[in-house]
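What follows is the content of work_2.tsv, which has TSV, C-alpha atoms:
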```tsv
chain	number	residue	atom	x	y	z
A	1	MET	CA	69.35	-152.71	33.47
A	2	THR	CA	69.62	-148.91	33.58
A	3	PRO	CA	68.18	-147.44	36.80
A	4	PRO	CA	65.12	-145.24	36.22
A	5	ILE	CA	65.44	-141.47	36.33
A	6	ILE	CA	63.72	-140.23	39.49
A	7	ARG	CA	62.62	-136.65	40.11
A	8	THR	CA	61.11	-134.86	43.10
A	9	ALA	CA	58.15	-132.51	42.69
A	10	SER	CA	60.33	-129.40	42.62
A	11	GLU	CA	62.64	-130.95	40.02
A	12	MET	CA	59.66	-131.94	37.91
A	13	TYR	CA	58.20	-128.43	38.00
A	14	VAL	CA	61.50	-127.05	36.65
A	15	TYR	CA	61.51	-129.70	33.94
A	16	GLU	CA	57.91	-129.02	32.90
A	17	LYS	CA	58.64	-125.28	32.79
A	18	HIS	CA	61.53	-126.03	30.45
A	19	ILE	CA	59.26	-128.06	28.17
A	20	MET	CA	56.63	-125.32	28.05
A	21	GLU	CA	58.93	-122.29	27.80
A	22	GLU	CA	62.01	-123.56	25.97
A	23	LYS	CA	60.30	-126.14	23.76
A	24	HIS	CA	57.14	-124.02	23.33
A	25	VAL	CA	54.75	-126.86	24.22
A	26	PRO	CA	51.53	-125.40	25.71
A	27	ALA	CA	50.06	-126.87	28.89
A	28	LEU	CA	46.88	-127.98	27.13
A	29	LEU	CA	48.90	-130.00	24.60
A	30	LEU	CA	50.89	-131.67	27.39
A	31	MET	CA	47.58	-132.46	29.06
A	32	GLU	CA	46.13	-134.06	25.94
A	33	GLY	CA	49.25	-136.18	25.56
A	34	ALA	CA	48.93	-137.31	29.17
A	35	ALA	CA	45.24	-138.13	28.74
A	36	GLN	CA	45.91	-140.16	25.61
A	37	ALA	CA	48.66	-142.10	27.40
A	38	ILE	CA	46.39	-142.91	30.33
A	39	TYR	CA	43.55	-143.92	28.04
A	40	ARG	CA	45.82	-146.24	26.03
A	41	GLN	CA	46.99	-147.91	29.22
A	42	MET	CA	43.51	-148.24	30.67
A	43	VAL	CA	42.02	-149.94	27.63
A	44	LYS	CA	44.61	-152.69	27.97
A	45	THR	CA	42.65	-153.90	31.00
A	46	ILE	CA	39.12	-152.51	30.60
A	47	ALA	CA	36.81	-151.97	27.61
A	48	PRO	CA	36.56	-148.58	25.84
A	49	THR	CA	32.81	-148.79	26.54
A	50	SER	CA	33.36	-148.95	30.31
A	51	HIS	CA	31.53	-146.83	32.90
A	52	ILE	CA	34.14	-144.43	34.31
A	53	LEU	CA	34.32	-142.25	37.40
A	54	ALA	CA	36.98	-139.54	37.50
A	55	VAL	CA	37.62	-137.99	40.90
A	56	ALA	CA	39.19	-134.65	40.08
A	57	GLY	CA	40.66	-131.77	41.99
A	58	SER	CA	40.50	-128.23	40.66
A	59	GLY	CA	44.09	-128.17	39.39
A	60	ASN	CA	45.79	-129.63	36.34
A	61	ASN	CA	46.02	-133.15	37.75
A	62	GLY	CA	42.23	-133.07	37.93
A	63	ALA	CA	42.13	-131.66	34.42
A	64	ASP	CA	44.13	-134.67	33.19
A	65	ALA	CA	41.57	-137.00	34.77
A	66	ILE	CA	38.67	-135.10	33.21
A	67	ALA	CA	40.36	-135.33	29.80
A	68	VAL	CA	40.66	-139.11	30.15
A	69	ALA	CA	36.99	-139.34	31.07
A	70	ARG	CA	36.16	-137.41	27.89
A	71	LEU	CA	38.10	-139.92	25.80
A	72	PHE	CA	36.01	-142.76	27.20
A	73	VAL	CA	32.80	-140.91	26.32
A	74	ILE	CA	34.10	-140.26	22.80
A	75	HIS	CA	34.89	-143.95	22.34
A	76	GLY	CA	31.46	-145.17	23.40
A	77	GLY	CA	31.76	-145.37	27.17
A	78	SER	CA	30.10	-143.27	29.83
A	79	ALA	CA	31.71	-141.12	32.48
A	80	THR	CA	31.02	-139.01	35.54
A	81	VAL	CA	33.39	-136.49	37.09
A	82	LEU	CA	33.28	-135.96	40.84
A	83	LEU	CA	34.83	-132.51	41.13
A	84	MET	CA	36.45	-131.50	44.42
A	85	GLY	CA	37.41	-127.96	45.38
A	86	ASP	CA	35.86	-124.65	44.43
A	87	PRO	CA	34.90	-124.74	40.71
A	88	LEU	CA	35.33	-120.96	40.60
A	89	HIS	CA	38.98	-121.36	41.58
A	90	ALA	CA	39.75	-124.16	39.14
A	91	SER	CA	42.74	-123.71	36.84
A	92	VAL	CA	42.09	-122.39	33.35
A	93	GLU	CA	42.97	-125.79	31.88
A	94	ASN	CA	40.65	-127.52	34.33
A	95	GLN	CA	37.76	-125.28	33.31
A	96	GLN	CA	38.53	-125.94	29.65
A	97	GLN	CA	38.53	-129.70	30.22
A	98	GLN	CA	35.23	-129.50	32.11
A	99	ALA	CA	33.65	-127.60	29.23
A	100	MET	CA	34.91	-130.11	26.65
A	101	PHE	CA	33.84	-133.08	28.78
A	102	GLU	CA	30.30	-131.77	29.26
A	103	SER	CA	29.99	-130.84	25.57
A	104	TYR	CA	30.56	-134.52	24.72
A	105	GLY	CA	27.83	-135.60	27.13
A	106	GLY	CA	29.81	-136.23	30.31
A	107	SER	CA	28.28	-135.56	33.70
A	108	VAL	CA	29.88	-133.45	36.46
A	109	THR	CA	28.87	-133.47	40.12
A	110	THR	CA	30.36	-131.86	43.22
A	111	GLN	CA	28.37	-134.01	45.65
A	112	LEU	CA	30.12	-137.06	47.10
A	113	ALA	CA	26.79	-138.40	48.38
A	114	ASP	CA	25.52	-138.66	44.80
A	115	VAL	CA	28.29	-141.06	43.75
A	116	HIS	CA	28.09	-144.83	44.22
A	117	PHE	CA	31.64	-145.96	43.57
A	118	ASN	CA	30.91	-149.63	43.00
A	119	ASP	CA	28.59	-148.76	40.11
A	120	TYR	CA	31.67	-147.99	37.98
A	121	ASP	CA	34.12	-150.18	36.11
A	122	ALA	CA	37.06	-147.90	36.84
A	123	VAL	CA	38.00	-144.90	38.95
A	124	ILE	CA	40.55	-142.36	37.72
A	125	ASP	CA	42.31	-140.65	40.63
A	126	GLY	CA	43.04	-137.04	39.73
A	127	LEU	CA	42.49	-135.40	43.11
A	128	PHE	CA	46.03	-134.25	43.81
A	129	GLY	CA	49.17	-134.27	41.73
A	130	ILE	CA	52.84	-134.02	42.56
A	131	GLY	CA	52.44	-130.79	44.52
A	132	LEU	CA	50.80	-132.30	47.61
A	133	ASN	CA	52.90	-131.66	50.73
A	134	ARG	CA	50.55	-132.32	53.64
A	135	PRO	CA	47.89	-134.85	54.69
A	136	VAL	CA	44.55	-134.66	52.91
A	137	ILE	CA	41.64	-133.63	55.14
A	138	GLY	CA	37.91	-132.95	54.87
A	139	THR	CA	35.75	-134.12	52.00
A	140	ALA	CA	38.77	-134.92	49.83
A	141	ALA	CA	39.95	-137.38	52.50
A	142	ASP	CA	36.47	-138.91	52.49
A	143	VAL	CA	36.77	-139.38	48.74
A	144	ILE	CA	40.12	-141.17	49.12
A	145	ASP	CA	38.61	-143.43	51.77
A	146	ALA	CA	35.69	-144.19	49.45
A	147	VAL	CA	38.06	-145.02	46.58
A	148	ASN	CA	40.03	-147.41	48.79
A	149	LEU	CA	36.86	-149.14	49.99
A	150	THR	CA	35.65	-149.96	46.49
A	151	THR	CA	35.41	-153.61	45.53
A	152	LYS	CA	34.44	-153.49	41.84
A	153	PRO	CA	36.25	-150.72	39.95
A	154	ARG	CA	39.90	-150.82	38.96
A	155	ILE	CA	41.77	-147.77	40.30
A	156	TYR	CA	44.07	-145.78	38.01
A	157	ALA	CA	46.18	-142.92	39.42
A	158	VAL	CA	47.17	-139.95	37.27
A	159	ASP	CA	50.92	-139.34	37.71
A	160	VAL	CA	50.89	-140.28	41.43
A	161	PRO	CA	48.27	-141.59	43.87
A	162	SER	CA	46.55	-138.80	45.79
A	163	GLY	CA	47.89	-138.54	49.31
A	164	LEU	CA	51.52	-139.15	48.41
A	165	SER	CA	54.26	-136.51	48.60
A	166	VAL	CA	56.60	-136.69	45.62
A	167	GLU	CA	58.92	-134.17	47.28
A	168	THR	CA	59.59	-136.32	50.36
A	169	GLY	CA	58.59	-139.80	49.18
A	170	VAL	CA	56.06	-140.17	52.00
A	171	ALA	CA	52.51	-141.55	51.82
A	172	PHE	CA	50.22	-139.58	54.10
A	173	SER	CA	47.03	-141.02	55.54
A	174	PRO	CA	44.73	-141.40	53.74
A	175	CYS	CA	46.39	-142.18	50.41
A	176	VAL	CA	44.85	-143.78	47.33
A	177	LYS	CA	45.91	-147.38	46.77
A	178	ALA	CA	45.93	-147.65	42.99
A	179	ASP	CA	45.93	-150.76	40.85
A	180	GLU	CA	47.89	-148.82	38.26
A	181	THR	CA	49.76	-145.51	38.17
A	182	ILE	CA	50.47	-143.87	34.83
A	183	THR	CA	53.19	-141.25	35.16
A	184	PHE	CA	54.92	-138.98	32.67
A	185	GLY	CA	58.51	-138.46	31.65
A	186	CYS	CA	60.19	-140.30	34.50
A	187	TYR	CA	59.70	-141.93	37.89
A	188	LYS	CA	58.56	-139.60	40.64
A	189	HIS	CA	60.25	-139.81	44.04
A	190	GLY	CA	58.61	-142.64	45.98
A	191	MET	CA	58.15	-144.96	43.03
A	192	GLU	CA	61.54	-146.50	43.74
A	193	LEU	CA	60.63	-147.33	47.35
A	194	THR	CA	59.44	-150.88	48.03
A	195	ALA	CA	57.41	-149.76	51.03
A	196	LEU	CA	55.22	-147.56	48.82
A	197	ALA	CA	54.58	-150.18	46.12
A	198	PRO	CA	51.04	-150.97	47.43
A	199	TYR	CA	50.01	-147.37	46.72
A	200	PHE	CA	51.31	-147.24	43.14
A	201	GLY	CA	50.34	-150.70	41.91
A	202	ASN	CA	51.67	-151.30	38.39
A	203	ILE	CA	53.69	-148.30	37.19
A	204	THR	CA	53.79	-147.17	33.57
A	205	VAL	CA	56.05	-144.30	32.47
A	206	ASP	CA	55.09	-142.56	29.22
A	207	ASP	CA	57.07	-139.71	27.65
A	208	ILE	CA	53.81	-138.44	26.04
A	209	GLY	CA	55.85	-137.29	23.07
A	210	PHE	CA	57.47	-134.25	24.72
A	211	PHE	CA	59.72	-135.31	27.58
A	212	ILE	CA	63.34	-135.88	26.55
A	213	GLU	CA	66.59	-136.42	28.41
```
Before anything else, please render the file you have as structure tokens.
Amino acid sequence: MTPPIIRTASEMYVYEKHIMEEKHVPALLLMEGAAQAIYRQMVKTIAPTSHILAVAGSGNNGADAIAVARLFVIHGGSATVLLMGDPLHASVENQQQQAMFESYGGSVTTQLADVHFNDYDAVIDGLFGIGLNRPVIGTAADVIDAVNLTTKPRIYAVDVPSGLSVETGVAFSPCVKADETITFGCYKHGMELTALAPYFGNITVDDIGFFIE
């Protein structure tokens, strides 16, 4: 069996830049491919009509999660986005995904106290992506703790579980313990480490139609 290709965060950023600049694939198209891949994997284990919570940061990892939530709404489910970070400082793609999500009838809140995690069938973790390099603190840490304390919803991580450093292969505390991680293009550093398996759960790698070797 051929060993999986493994990249650190810095290597992945170079690779993504190559895809966008040399292959002329815009970020929003990459994001839609990622969202479709996550949605396809999720509906293998839960119904398209499920009640979904996406916990989303203000960057593009959060935008991926919001896009997945939109797909569930489109296919007859319902979804809420718990948005962390300053909405005014959200990435352009994140703001675009929020606007699309709300236009399809999705609900966005910034208040952790308003969210009852066990009311949902699934939680999509899009708080932090591969760029995290320090422990999560504050309200975002409270969100991770709340995700890990859930008993009903299945937890799906976008690319990597929030709280894990792809550059160093270290899980900070707290770190999301996902049932499934859907990642793109290749393994991220840490996925090959047995000690971190409880954080990733089942790992699916999808090339989303653009990543090539």
Using only C-alpha atoms - which residues lie no farther than 12 Å from the point (53.7, -130.5, 54.5) in the file's frame? Write them as a list in words.
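With a cut-off of 12 Å, the residues come to Gly131, Leu132, Asn133, Arg134, Pro135, Val136, Gly163, Leu164, Ser165, Val166, Glu167, Thr168, Gly169, Val170, Ala171 and Phe172 of chain A.
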Based on the selection just made, write C-alpha atoms of those residues as a PDB file, in the frame of the given file.
```pdb
ATOM      1  CA  GLY A 131      52.440-130.790  44.520  1.00  0.00           C
ATOM      2  CA  LEU A 132      50.800-132.300  47.610  1.00  0.00           C
ATOM      3  CA  ASN A 133      52.900-131.660  50.730  1.00  0.00           C
ATOM      4  CA  ARG A 134      50.550-132.320  53.640  1.00  0.00           C
ATOM      5  CA  PRO A 135      47.890-134.850  54.690  1.00  0.00           C
ATOM      6  CA  VAL A 136      44.550-134.660  52.910  1.00  0.00           C
ATOM      7  CA  GLY A 163      47.890-138.540  49.310  1.00  0.00           C
ATOM      8  CA  LEU A 164      51.520-139.150  48.410  1.00  0.00           C
ATOM      9  CA  SER A 165      54.260-136.510  48.600  1.00  0.00           C
ATOM     10  CA  VAL A 166      56.600-136.690  45.620  1.00  0.00           C
ATOM     11  CA  GLU A 167      58.920-134.170  47.280  1.00  0.00           C
ATOM     12  CA  THR A 168      59.590-136.320  50.360  1.00  0.00           C
ATOM     13  CA  GLY A 169      58.590-139.800  49.180  1.00  0.00           C
ATOM     14  CA  VAL A 170      56.060-140.170  52.000  1.00  0.00           C
ATOM     15  CA  ALA A 171      52.510-141.550  51.820  1.00  0.00           C
ATOM     16  CA  PHE A 172      50.220-139.580  54.100  1.00  0.00           C
TER      17      PHE A 172
END
```
Name the residues within 12 Å of (31.2, -144.2, 51.2), counting only C-alpha atoms in the file's coordinates, and put them as a PDB file with C-alpha atoms, keeping the file's coordinate frame.
```pdb
ATOM      1  CA  GLN A 111      28.370-134.010  45.650  1.00  0.00           C
ATOM      2  CA  LEU A 112      30.120-137.060  47.100  1.00  0.00           C
ATOM      3  CA  ALA A 113      26.790-138.400  48.380  1.00  0.00           C
ATOM      4  CA  ASP A 114      25.520-138.660  44.800  1.00  0.00           C
ATOM      5  CA  VAL A 115      28.290-141.060  43.750  1.00  0.00           C
ATOM      6  CA  HIS A 116      28.090-144.830  44.220  1.00  0.00           C
ATOM      7  CA  PHE A 117      31.640-145.960  43.570  1.00  0.00           C
ATOM      8  CA  ASN A 118      30.910-149.630  43.000  1.00  0.00           C
ATOM      9  CA  THR A 139      35.750-134.120  52.000  1.00  0.00           C
ATOM     10  CA  ALA A 141      39.950-137.380  52.500  1.00  0.00           C
ATOM     11  CA  ASP A 142      36.470-138.910  52.490  1.00  0.00           C
ATOM     12  CA  VAL A 143      36.770-139.380  48.740  1.00  0.00           C
ATOM     13  CA  ILE A 144      40.120-141.170  49.120  1.00  0.00           C
ATOM     14  CA  ASP A 145      38.610-143.430  51.770  1.00  0.00           C
ATOM     15  CA  ALA A 146      35.690-144.190  49.450  1.00  0.00           C
ATOM     16  CA  VAL A 147      38.060-145.020  46.580  1.00  0.00           C
ATOM     17  CA  ASN A 148      40.030-147.410  48.790  1.00  0.00           C
ATOM     18  CA  LEU A 149      36.860-149.140  49.990  1.00  0.00           C
ATOM     19  CA  THR A 150      35.650-149.960  46.490  1.00  0.00           C
ATOM     20  CA  THR A 151      35.410-153.610  45.530  1.00  0.00           C
TER      21      THR A 151
END
```
Report the distance between atom CA of A:Ile155 and atom CA of A:Cys175 in Å, rounded to one decimal place.
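Value for the atom CA of A:Ile155-atom CA of A:Cys175 distance: 12.4 Å.
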Can you work out the spacing between atom CA of A:Ala54 and atom CA of A:Asp207 in Å, to one decimal?
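So the answer is 22.4 Å.
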What does the distance between atom CA of A:Met191 and atom CA of A:Tyr13 come to in Å, to one decimal place?
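Atom CA of A:Tyr13 lies 17.3 Å from atom CA of A:Met191.
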Long-range neighbours of stretch 20-36 of chain A as a ChimeraX atom specification, 10 Å cut-off, all atoms listed in the file, 4 positions minimum in chain
/A:15-16,40-42,60-61,63-71,92-94,96-97,158-159,182-185,206-211
For stretch 98-109 of chain A, list every protein, DNA or RNA residue within 6 Å, evaluated using all atoms listed in the file, and leave out those in the same chain fewer than 6 positions away; present the list as a PyMOL selection string.
chain A and resi 70+79-82
Write a file of the selected residues as a compact mmCIF listing (two decimals), keeping the file's coordinate frame, keeping C-alpha atoms.
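This is the output file selection.txt:
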```txt
# COMPACT_ATOMS: atom_id res chain seq x y z
CA ARG A 70 36.16 -137.41 27.89
CA ALA A 79 31.71 -141.12 32.48
CA THR A 80 31.02 -139.01 35.54
CA VAL A 81 33.39 -136.49 37.09
CA LEU A 82 33.28 -135.96 40.84
```
Could you give me, as a list in words, the residues within 9 Å of A:Asp119, counting only C-alpha atoms and dropping anything in the same chain fewer than 6 positions from it?
His51, Lys152 and Pro153 of chain A
Those residues with C-alpha atoms, as a PDB file, in the frame of the given file please?
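Writing done, so here's again.pdb:
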```
ATOM      1  CA  HIS A  51      31.530-146.830  32.900  1.00  0.00           C
ATOM      2  CA  LYS A 152      34.440-153.490  41.840  1.00  0.00           C
ATOM      3  CA  PRO A 153      36.250-150.720  39.950  1.00  0.00           C
TER       4      PRO A 153
END
```
Which residue gives the smallest distance to A:Thr110 among A:Val55, A:Ala195, A:Ala178, A:Ala90, with only C-alpha atoms counted?
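When distances to A:Thr110 are compared using only C-alpha atoms, the smallest one comes from A:Val55.
Each of A:Ile130, A:Ala197, A:Ile203, A:Ala122 was compared to A:Arg7 using only C-alpha atoms, and A:Ile130 turns out to be the nearest.
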